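> Structure: input33.pdb, PDB, C-alpha atoms, pLDDT in the B column.
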ATOM      1  CA  MET A 553     -40.103  71.778 -32.681  1.00 50.00           C
ATOM      2  CA  GLN A 554     -39.284  70.382 -29.265  1.00 52.00           C
ATOM      3  CA  VAL A 555     -36.756  67.489 -29.198  1.00 48.00           C
ATOM      4  CA  GLN A 556     -37.530  64.822 -26.650  1.00 51.00           C
ATOM      5  CA  PRO A 557     -34.602  63.645 -24.524  1.00 52.00           C
ATOM      6  CA  GLN A 558     -33.396  60.096 -25.193  1.00 51.00           C
ATOM      7  CA  PRO A 559     -33.625  57.413 -22.491  1.00 50.00           C
ATOM      8  CA  SER A 560     -30.518  57.079 -20.408  1.00 50.00           C
ATOM      9  CA  GLY A 561     -29.299  54.759 -17.690  1.00 49.00           C
ATOM     10  CA  ILE A 562     -31.390  51.803 -18.933  1.00 46.00           C
ATOM     11  CA  LEU A 563     -30.605  48.627 -17.079  1.00 45.00           C
ATOM     12  CA  SER A 564     -30.383  45.196 -18.707  1.00 46.00           C
ATOM     13  CA  GLY A 565     -33.790  43.550 -18.759  1.00 49.00           C
ATOM     14  CA  GLU A 566     -35.677  46.893 -18.767  1.00 51.00           C
ATOM     15  CA  SER A 567     -38.014  48.194 -21.489  1.00 54.00           C
ATOM     16  CA  CYS A 568     -38.278  51.990 -21.426  1.00 57.00           C
ATOM     17  CA  GLY A 569     -40.411  54.614 -23.139  1.00 56.00           C
ATOM     18  CA  TRP A 570     -41.636  58.198 -22.831  1.00 54.00           C
ATOM     19  CA  ARG A 571     -44.982  59.432 -21.611  1.00 55.00           C
ATOM     20  CA  ALA A 572     -46.326  62.996 -22.054  1.00 53.00           C
ATOM     21  CA  VAL A 573     -47.472  64.827 -18.944  1.00 53.00           C
ATOM     22  CA  ALA A 574     -49.001  68.251 -18.253  1.00 54.00           C
ATOM     23  CA  GLY A 575     -46.805  71.205 -19.138  1.00 57.00           C
ATOM     24  CA  GLY A 576     -45.358  69.608 -22.269  1.00 55.00           C
ATOM     25  CA  ARG A 577     -42.818  67.610 -20.322  1.00 57.00           C
ATOM     26  CA  ALA A 578     -41.933  64.001 -21.051  1.00 54.00           C
ATOM     27  CA  LEU A 579     -41.470  61.450 -18.277  1.00 52.00           C
ATOM     28  CA  GLU A 580     -39.343  58.356 -18.803  1.00 54.00           C
ATOM     29  CA  HIS A 581     -40.920  55.163 -17.574  1.00 55.00           C
ATOM     30  CA  CYS A 582     -39.416  51.661 -17.562  1.00 58.00           C
ATOM     31  CA  ARG A 583     -40.922  48.205 -17.274  1.00 59.00           C
ATOM     32  CA  GLN A 584     -38.925  45.258 -15.892  1.00 58.00           C
ATOM     33  CA  ARG A 585     -38.659  42.309 -18.316  1.00 64.00           C
ATOM     34  CA  GLY A 586     -37.552  38.707 -17.443  1.00 68.00           C
ATOM     35  CA  PHE A 587     -36.452  35.758 -19.584  1.00 71.00           C
ATOM     36  CA  THR A 588     -38.978  34.169 -21.890  1.00 82.00           C
ATOM     37  CA  LEU A 589     -39.686  30.444 -21.829  1.00 80.00           C
ATOM     38  CA  ILE A 590     -37.920  29.984 -25.174  1.00 82.00           C
ATOM     39  CA  GLU A 591     -34.772  31.709 -23.875  1.00 77.00           C
ATOM     40  CA  LEU A 592     -34.755  29.464 -20.813  1.00 80.00           C
ATOM     41  CA  MET A 593     -35.221  26.335 -22.950  1.00 83.00           C
ATOM     42  CA  ILE A 594     -32.320  27.349 -25.226  1.00 83.00           C
ATOM     43  CA  THR A 595     -30.092  27.994 -22.217  1.00 82.00           C
ATOM     44  CA  VAL A 596     -30.919  24.606 -20.681  1.00 82.00           C
ATOM     45  CA  ALA A 597     -30.323  22.840 -24.013  1.00 80.00           C
ATOM     46  CA  VAL A 598     -26.902  24.486 -24.458  1.00 81.00           C
ATOM     47  CA  ALA A 599     -25.953  23.599 -20.863  1.00 77.00           C
ATOM     48  CA  ALA A 600     -26.987  19.975 -21.449  1.00 75.00           C
ATOM     49  CA  VAL A 601     -24.853  19.709 -24.595  1.00 77.00           C
ATOM     50  CA  LEU A 602     -21.834  21.191 -22.828  1.00 74.00           C
ATOM     51  CA  LEU A 603     -22.344  18.775 -19.930  1.00 70.00           C
ATOM     52  CA  MET A 604     -22.503  15.795 -22.295  1.00 72.00           C
ATOM     53  CA  ILE A 605     -19.172  16.855 -23.792  1.00 73.00           C
ATOM     54  CA  ALA A 606     -17.440  17.730 -20.529  1.00 63.00           C
ATOM     55  CA  VAL A 607     -18.353  14.696 -18.386  1.00 64.00           C
ATOM     56  CA  PRO A 608     -16.652  12.010 -20.560  1.00 70.00           C
ATOM     57  CA  SER A 609     -13.562  14.216 -20.957  1.00 76.00           C
ATOM     58  CA  PHE A 610     -13.314  14.764 -17.208  1.00 80.00           C
ATOM     59  CA  ARG A 611     -13.787  11.022 -16.616  1.00 85.00           C
ATOM     60  CA  ASN A 612     -10.990  10.158 -19.050  1.00 88.00           C
ATOM     61  CA  ILE A 613      -8.664  12.672 -17.405  1.00 90.00           C
ATOM     62  CA  THR A 614      -9.403  11.170 -13.994  1.00 91.00           C
ATOM     63  CA  LEU A 615      -8.786   7.594 -15.203  1.00 94.00           C
ATOM     64  CA  SER A 616      -5.601   8.628 -16.998  1.00 94.00           C
ATOM     65  CA  ASN A 617      -4.302  10.225 -13.798  1.00 94.00           C
ATOM     66  CA  ARG A 618      -5.113   7.054 -11.866  1.00 95.00           C
ATOM     67  CA  LEU A 619      -3.209   4.940 -14.393  1.00 96.00           C
ATOM     68  CA  ASN A 620      -0.217   7.261 -14.163  1.00 96.00           C
ATOM     69  CA  THR A 621      -0.317   7.155 -10.356  1.00 96.00           C
ATOM     70  CA  ALA A 622      -0.426   3.341 -10.290  1.00 96.00           C
ATOM     71  CA  ALA A 623       2.438   3.077 -12.783  1.00 96.00           C
ATOM     72  CA  ASN A 624       4.526   5.628 -10.878  1.00 96.00           C
ATOM     73  CA  ASP A 625       3.896   3.789  -7.590  1.00 96.00           C
ATOM     74  CA  LEU A 626       5.144   0.520  -9.094  1.00 97.00           C
ATOM     75  CA  VAL A 627       8.191   2.191 -10.644  1.00 97.00           C
ATOM     76  CA  ASN A 628       8.931   3.679  -7.221  1.00 96.00           C
ATOM     77  CA  ALA A 629       8.532   0.254  -5.578  1.00 97.00           C
ATOM     78  CA  ILE A 630      10.989  -1.324  -8.032  1.00 97.00           C
ATOM     79  CA  SER A 631      13.452   1.496  -7.392  1.00 96.00           C
ATOM     80  CA  VAL A 632      13.077   1.021  -3.635  1.00 96.00           C
ATOM     81  CA  ALA A 633      13.758  -2.716  -3.986  1.00 96.00           C
ATOM     82  CA  ARG A 634      16.940  -1.975  -5.925  1.00 96.00           C
ATOM     83  CA  MET A 635      18.232   0.709  -3.569  1.00 96.00           C
ATOM     84  CA  GLU A 636      17.463  -1.325  -0.458  1.00 96.00           C
ATOM     85  CA  ALA A 637      19.356  -4.307  -1.874  1.00 95.00           C
ATOM     86  CA  ILE A 638      22.418  -2.115  -2.411  1.00 95.00           C
ATOM     87  CA  LYS A 639      22.085  -0.301   0.935  1.00 94.00           C
ATOM     88  CA  ARG A 640      21.555  -3.467   2.979  1.00 93.00           C
ATOM     89  CA  ASN A 641      24.013  -5.507   0.901  1.00 94.00           C
ATOM     90  CA  THR A 642      21.433  -8.281   0.678  1.00 93.00           C
ATOM     91  CA  SER A 643      18.655  -9.697  -1.513  1.00 94.00           C
ATOM     92  CA  THR A 644      15.308  -7.971  -1.911  1.00 96.00           C
ATOM     93  CA  GLN A 645      12.196  -8.901  -3.830  1.00 96.00           C
ATOM     94  CA  PHE A 646       9.643  -6.859  -5.721  1.00 97.00           C
ATOM     95  CA  CYS A 647       6.516  -8.956  -5.256  1.00 96.00           C
ATOM     96  CA  SER A 648       4.117 -10.246  -7.877  1.00 95.00           C
ATOM     97  CA  ASN A 649       0.366 -10.398  -7.391  1.00 93.00           C
ATOM     98  CA  SER A 650       0.686 -14.158  -7.973  1.00 93.00           C
ATOM     99  CA  ALA A 651       1.883 -16.240  -5.019  1.00 92.00           C
ATOM    100  CA  SER A 652       3.186 -18.945  -7.359  1.00 91.00           C
ATOM    101  CA  ALA A 653       5.245 -16.380  -9.299  1.00 92.00           C
ATOM    102  CA  ASN A 654       6.864 -15.255  -6.056  1.00 92.00           C
ATOM    103  CA  THR A 655       8.099 -18.850  -5.462  1.00 85.00           C
ATOM    104  CA  ASN A 656       7.980 -20.743  -2.202  1.00 78.00           C
ATOM    105  CA  ASP A 657      11.409 -19.869  -0.826  1.00 89.00           C
ATOM    106  CA  THR A 658      11.696 -17.734   2.302  1.00 89.00           C
ATOM    107  CA  LEU A 659      11.748 -14.365   0.593  1.00 91.00           C
ATOM    108  CA  GLY A 660       9.110 -15.280  -1.976  1.00 91.00           C
ATOM    109  CA  SER A 661       6.770 -16.759   0.618  1.00 91.00           C
ATOM    110  CA  ALA A 662       6.873 -13.494   2.556  1.00 93.00           C
ATOM    111  CA  CYS A 663       5.424 -11.759  -0.519  1.00 93.00           C
ATOM    112  CA  ASN A 664       2.443 -14.118  -0.679  1.00 91.00           C
ATOM    113  CA  ALA A 665       0.314 -12.251  -3.289  1.00 91.00           C
ATOM    114  CA  GLU A 666       0.975  -8.681  -2.165  1.00 93.00           C
ATOM    115  CA  ALA A 667       1.333  -6.946  -5.532  1.00 94.00           C
ATOM    116  CA  GLY A 668       4.118  -4.379  -5.657  1.00 94.00           C
ATOM    117  CA  ALA A 669       5.308  -4.911  -2.091  1.00 96.00           C
ATOM    118  CA  VAL A 670       9.035  -5.078  -1.331  1.00 97.00           C
ATOM    119  CA  TRP A 671      10.653  -7.515   1.097  1.00 96.00           C
ATOM    120  CA  ALA A 672      14.280  -7.733   2.183  1.00 95.00           C
ATOM    121  CA  MET A 673      16.298 -10.546   3.724  1.00 88.00           C
ATOM    122  CA  SER A 674      19.008  -9.583   6.203  1.00 80.00           C
ATOM    123  CA  SER A 675      20.871 -12.209   8.234  1.00 78.00           C
ATOM    124  CA  SER A 676      17.955 -14.655   7.880  1.00 78.00           C
ATOM    125  CA  THR A 677      15.564 -11.930   9.057  1.00 87.00           C
ATOM    126  CA  LEU A 678      12.682 -10.844   6.825  1.00 91.00           C
ATOM    127  CA  ASN A 679      11.703  -7.188   6.647  1.00 92.00           C
ATOM    128  CA  ARG A 680       8.870  -5.679   4.667  1.00 94.00           C
ATOM    129  CA  VAL A 681      10.392  -2.534   3.215  1.00 95.00           C
ATOM    130  CA  LEU A 682       7.350  -1.308   1.307  1.00 95.00           C
ATOM    131  CA  ALA A 683       3.655  -2.227   1.320  1.00 94.00           C
ATOM    132  CA  SER A 684       1.553  -2.864  -1.769  1.00 92.00           C
ATOM    133  CA  PRO A 685       0.522   0.394  -3.507  1.00 91.00           C
ATOM    134  CA  VAL A 686      -3.050   1.398  -2.698  1.00 87.00           C
ATOM    135  CA  SER A 687      -3.434   2.780  -6.235  1.00 89.00           C
ATOM    136  CA  LEU A 688      -3.933  -0.716  -7.679  1.00 88.00           C
ATOM    137  CA  VAL A 689      -7.700  -0.812  -7.215  1.00 89.00           C
ATOM    138  CA  PRO A 690     -10.507  -1.167  -9.812  1.00 90.00           C
ATOM    139  CA  PRO A 691     -11.026   0.147 -12.398  1.00 92.00           C
ATOM    140  CA  VAL A 692      -7.202   0.250 -12.539  1.00 94.00           C
ATOM    141  CA  GLN A 693      -5.761  -3.253 -12.653  1.00 93.00           C
ATOM    142  CA  VAL A 694      -2.799  -5.414 -13.587  1.00 93.00           C
ATOM    143  CA  ASN A 695      -3.158  -6.959 -17.029  1.00 93.00           C
ATOM    144  CA  GLY A 696      -1.927 -10.476 -16.285  1.00 91.00           C
ATOM    145  CA  ASP A 697       0.626 -10.836 -13.483  1.00 93.00           C
ATOM    146  CA  LEU A 698       3.388  -8.632 -12.181  1.00 95.00           C
ATOM    147  CA  ILE A 699       6.828 -10.127 -12.727  1.00 96.00           C
ATOM    148  CA  ALA A 700       8.456 -11.023  -9.414  1.00 96.00           C
ATOM    149  CA  LEU A 701      11.938  -9.475  -9.407  1.00 97.00           C
ATOM    150  CA  ARG A 702      14.798 -10.529  -7.150  1.00 96.00           C
ATOM    151  CA  PHE A 703      17.507  -7.902  -6.654  1.00 96.00           C
ATOM    152  CA  SER A 704      21.073  -8.790  -5.745  1.00 94.00           C
ATOM    153  CA  ALA A 705      23.319  -6.753  -3.461  1.00 94.00           C
ATOM    154  CA  GLN A 706      24.739  -5.168  -6.620  1.00 95.00           C
ATOM    155  CA  GLY A 707      21.298  -3.772  -7.458  1.00 95.00           C
ATOM    156  CA  GLN A 708      20.686  -5.938 -10.503  1.00 96.00           C
ATOM    157  CA  ALA A 709      17.282  -7.561 -10.987  1.00 97.00           C
ATOM    158  CA  ARG A 710      16.482 -10.961 -12.356  1.00 96.00           C
ATOM    159  CA  MET A 711      13.215 -12.774 -12.709  1.00 94.00           C
ATOM    160  CA  VAL A 712      12.732 -15.078  -9.731  1.00 89.00           C
ATOM    161  CA  GLY A 713      14.203 -18.432 -10.676  1.00 86.00           C
ATOM    162  CA  ALA A 714      16.313 -17.012 -13.533  1.00 91.00           C
ATOM    163  CA  THR A 715      20.013 -16.157 -13.665  1.00 91.00           C
ATOM    164  CA  ALA A 716      20.200 -13.511 -16.401  1.00 95.00           C
ATOM    165  CA  PRO A 717      19.439  -9.800 -15.773  1.00 96.00           C
ATOM    166  CA  PHE A 718      15.794  -9.086 -16.461  1.00 97.00           C
ATOM    167  CA  ASN A 719      15.132  -7.513 -19.846  1.00 97.00           C
ATOM    168  CA  ASP A 720      11.403  -7.451 -20.567  1.00 97.00           C
ATOM    169  CA  VAL A 721       8.007  -6.068 -19.516  1.00 97.00           C
ATOM    170  CA  VAL A 722       7.594  -5.983 -15.742  1.00 97.00           C
ATOM    171  CA  THR A 723       3.893  -5.194 -15.797  1.00 96.00           C
ATOM    172  CA  ASP A 724       1.025  -3.747 -17.803  1.00 97.00           C
ATOM    173  CA  ILE A 725      -1.413  -1.540 -15.876  1.00 96.00           C
ATOM    174  CA  CYS A 726      -4.702  -0.903 -17.655  1.00 96.00           C
ATOM    175  CA  THR A 727      -8.382   0.012 -17.378  1.00 95.00           C
ATOM    176  CA  SER A 728     -11.336  -1.206 -19.436  1.00 93.00           C
ATOM    177  CA  GLN A 729     -13.187   2.093 -18.964  1.00 91.00           C
ATOM    178  CA  MET A 730     -11.144   4.041 -21.532  1.00 90.00           C
ATOM    179  CA  GLY A 731     -11.167   3.515 -25.287  1.00 87.00           C
ATOM    180  CA  SER A 732      -7.582   4.612 -25.966  1.00 92.00           C
ATOM    181  CA  ASP A 733      -4.322   5.313 -24.103  1.00 95.00           C
ATOM    182  CA  ASN A 734      -5.629   2.926 -21.456  1.00 96.00           C
ATOM    183  CA  HIS A 735      -2.398   0.974 -20.782  1.00 97.00           C
ATOM    184  CA  ARG A 736       0.778   1.904 -18.918  1.00 97.00           C
ATOM    185  CA  VAL A 737       3.535  -0.597 -19.703  1.00 98.00           C
ATOM    186  CA  ILE A 738       6.590  -0.718 -17.432  1.00 98.00           C
ATOM    187  CA  ARG A 739       9.657  -2.252 -19.051  1.00 98.00           C
ATOM    188  CA  MET A 740      13.055  -3.020 -17.569  1.00 97.00           C
ATOM    189  CA  THR A 741      16.307  -3.137 -19.530  1.00 97.00           C
ATOM    190  CA  ALA A 742      19.540  -4.811 -18.370  1.00 95.00           C
ATOM    191  CA  GLY A 743      18.134  -5.540 -14.931  1.00 95.00           C
ATOM    192  CA  SER A 744      17.993  -1.931 -13.761  1.00 94.00           C
ATOM    193  CA  ILE A 745      16.771   0.638 -16.321  1.00 96.00           C
ATOM    194  CA  LEU A 746      13.025   1.367 -16.225  1.00 97.00           C
ATOM    195  CA  ALA A 747      10.771   3.013 -18.812  1.00 97.00           C
ATOM    196  CA  THR A 748       6.996   3.511 -18.905  1.00 97.00           C
ATOM    197  CA  THR A 749       5.050   3.769 -22.169  1.00 97.00           C
ATOM    198  CA  THR A 750       1.401   4.496 -22.945  1.00 97.00           C
ATOM    199  CA  THR A 751      -0.465   2.161 -25.304  1.00 97.00           C
ATOM    200  CA  SER A 752      -4.032   1.374 -26.319  1.00 96.00           C
ATOM    201  CA  GLY A 753      -5.835  -1.954 -26.394  1.00 94.00           C
ATOM    202  CA  ASP A 754      -8.287  -4.284 -24.721  1.00 94.00           C
ATOM    203  CA  CYS A 755      -8.177  -4.636 -20.964  1.00 93.00           C
ATOM    204  CA  PRO A 756      -9.952  -7.412 -19.046  1.00 86.00           C
ATOM    205  CA  SER A 757     -13.004  -6.094 -17.185  1.00 74.00           C
ATOM    206  CA  SER A 758     -12.324  -5.736 -13.494  1.00 57.00           C
TER
END
Represent the structure contained in this file as structure tokens.

Amino acid sequence: MQVQPQPSGILSGESCGWRAVAGGRALEHCRQRGFTLIELMITVAVAAVLLMIAVPSFRNITLSNRLNTAANDLVNAISVARMEAIKRNTSTQFCSNSASANTNDTLGSACNAEAGAVWAMSSSTLNRVLASPVSLVPPVQVNGDLIALRFSAQGQARMVGATAPFNDVVTDICTSQMGSDNHRVIRMTAGSILATTTTSGDCPSS
């Protein structure tokens, strides 16, 4: 009894068999096979499900990074205001987004409503030390108003118009396009120590 050789070297997508020819020999022949319509439909359906899961996650990651960037920029601006006050031995101001909160004195008027900017007063001369962060753009926004902080030459901050060192929330940065972890709250303790926390809650639509 003659044993027929088994197919070898079959490529993916090929259907192979054996065909008898003259002389008792067997000849291997293969037929190329593509994807069926059902296989294509299953593949498309799986891809669609994965896309539906991935897109919201990617969007949340992007928004979270934007919140972190905005919060870090404001923390940096506050730190710059403090260091410049010490370095220049003068008063500086971290500006609110509200012109009325900045007050109408010389230093406050320079702020106008330039959120997060820093101005310094040296020998009756005004100098803008830092411009408003460009990261504060929709859908990232300030929830309410930034607190205008006036730094003394000793580097201690107080709320404009107050005498005691500032000890409260400086600002709340948020977005309405995330369901949770959508707030970055910057708090100051004893007029100089900063901390940022993440919270969840409603945010006014921008």
> Provide the atom CA of A:Ala622 to atom CA of A:Pro685 distance in Å, to one decimal place.
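Answer for the atom CA of A:Ala622 to atom CA of A:Pro685 separation: 7.5 Å.
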> Could you jot down the atom CA of A:Cys726 to atom CA of A:Gln693 separation for me, Å, one decimal place?
5.6 Å
> Can you give me, as a ChimeraX atom specification, the residues this file yields under the PyMOL selection byres ((chain A and resi 635-637) around 10)?
/A:629-634,638-645,670-674,681,702-709
> Quick one: residues within 10 Å of A:Ala665, only C-alpha atoms counted, chain neighbours fewer than 5 positions away excluded, as a PDB file with C-alpha atoms, in the frame of the given file?

ATOM      1  CA  CYS A 647       6.516  -8.956  -5.256  1.00 96.00           C
ATOM      2  CA  SER A 648       4.117 -10.246  -7.877  1.00 95.00           C
ATOM      3  CA  ASN A 649       0.366 -10.398  -7.391  1.00 93.00           C
ATOM      4  CA  SER A 650       0.686 -14.158  -7.973  1.00 93.00           C
ATOM      5  CA  ALA A 651       1.883 -16.240  -5.019  1.00 92.00           C
ATOM      6  CA  SER A 652       3.186 -18.945  -7.359  1.00 91.00           C
ATOM      7  CA  ALA A 653       5.245 -16.380  -9.299  1.00 92.00           C
ATOM      8  CA  ASN A 654       6.864 -15.255  -6.056  1.00 92.00           C
ATOM      9  CA  GLY A 660       9.110 -15.280  -1.976  1.00 91.00           C
ATOM     10  CA  SER A 684       1.553  -2.864  -1.769  1.00 92.00           C
TER      11      SER A 684
END
> Atom CA of A:Asn656 and atom CA of A:Thr723 are how many Å apart?
21.1 Å
> Could you write out as a PDB file with C-alpha atoms, in the frame of the given file the residues that the PyMOL selection byres ((chain A and resi 617) around 12) matches in the shown file?

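Below you can see selection_27.pdb, which holds the result:
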ATOM      1  CA  PHE A 610     -13.314  14.764 -17.208  1.00 80.00           C
ATOM      2  CA  ARG A 611     -13.787  11.022 -16.616  1.00 85.00           C
ATOM      3  CA  ASN A 612     -10.990  10.158 -19.050  1.00 88.00           C
ATOM      4  CA  ILE A 613      -8.664  12.672 -17.405  1.00 90.00           C
ATOM      5  CA  THR A 614      -9.403  11.170 -13.994  1.00 91.00           C
ATOM      6  CA  LEU A 615      -8.786   7.594 -15.203  1.00 94.00           C
ATOM      7  CA  SER A 616      -5.601   8.628 -16.998  1.00 94.00           C
ATOM      8  CA  ARG A 618      -5.113   7.054 -11.866  1.00 95.00           C
ATOM      9  CA  LEU A 619      -3.209   4.940 -14.393  1.00 96.00           C
ATOM     10  CA  ASN A 620      -0.217   7.261 -14.163  1.00 96.00           C
ATOM     11  CA  THR A 621      -0.317   7.155 -10.356  1.00 96.00           C
ATOM     12  CA  ALA A 622      -0.426   3.341 -10.290  1.00 96.00           C
ATOM     13  CA  ALA A 623       2.438   3.077 -12.783  1.00 96.00           C
ATOM     14  CA  ASN A 624       4.526   5.628 -10.878  1.00 96.00           C
ATOM     15  CA  SER A 687      -3.434   2.780  -6.235  1.00 89.00           C
ATOM     16  CA  VAL A 692      -7.202   0.250 -12.539  1.00 94.00           C
ATOM     17  CA  CYS A 726      -4.702  -0.903 -17.655  1.00 96.00           C
ATOM     18  CA  THR A 727      -8.382   0.012 -17.378  1.00 95.00           C
ATOM     19  CA  ASP A 733      -4.322   5.313 -24.103  1.00 95.00           C
ATOM     20  CA  ASN A 734      -5.629   2.926 -21.456  1.00 96.00           C
ATOM     21  CA  HIS A 735      -2.398   0.974 -20.782  1.00 97.00           C
ATOM     22  CA  ARG A 736       0.778   1.904 -18.918  1.00 97.00           C
TER      23      ARG A 736
END
> Pick out the residues sitting within 9 Å of A:Ala747, and hand them over as a PyMOL selection string; count only C-alpha atoms, and ignore anything fewer than 2 positions along from it in its own chain.
chain A and resi 627+737-741+745+749
> Need the axis-aligned box for stretch 646-651 of chain A with 3 Å each side, so what are the centre and edges in Å to one decimal, as JSON?

{"center_x": 5.0, "center_y": -11.5, "center_z": -6.5, "size_x": 15.3, "size_y": 15.4, "size_z": 9.0}
> Quick one: residues within 8 Å of A:Gly696, only C-alpha atoms, excluding same-chain residues fewer than 2 positions away - as a list in words?
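So the residues in contact are Val694, Leu698, Thr723 and Asp724 of chain A.
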> Take the point (-6.1, 0.4, -28.1) as written in the file and pick out every residue within 8 Å of it, counting all atoms listed in the file; give the list as number ranges by chain.
A: 731-734, 751-754
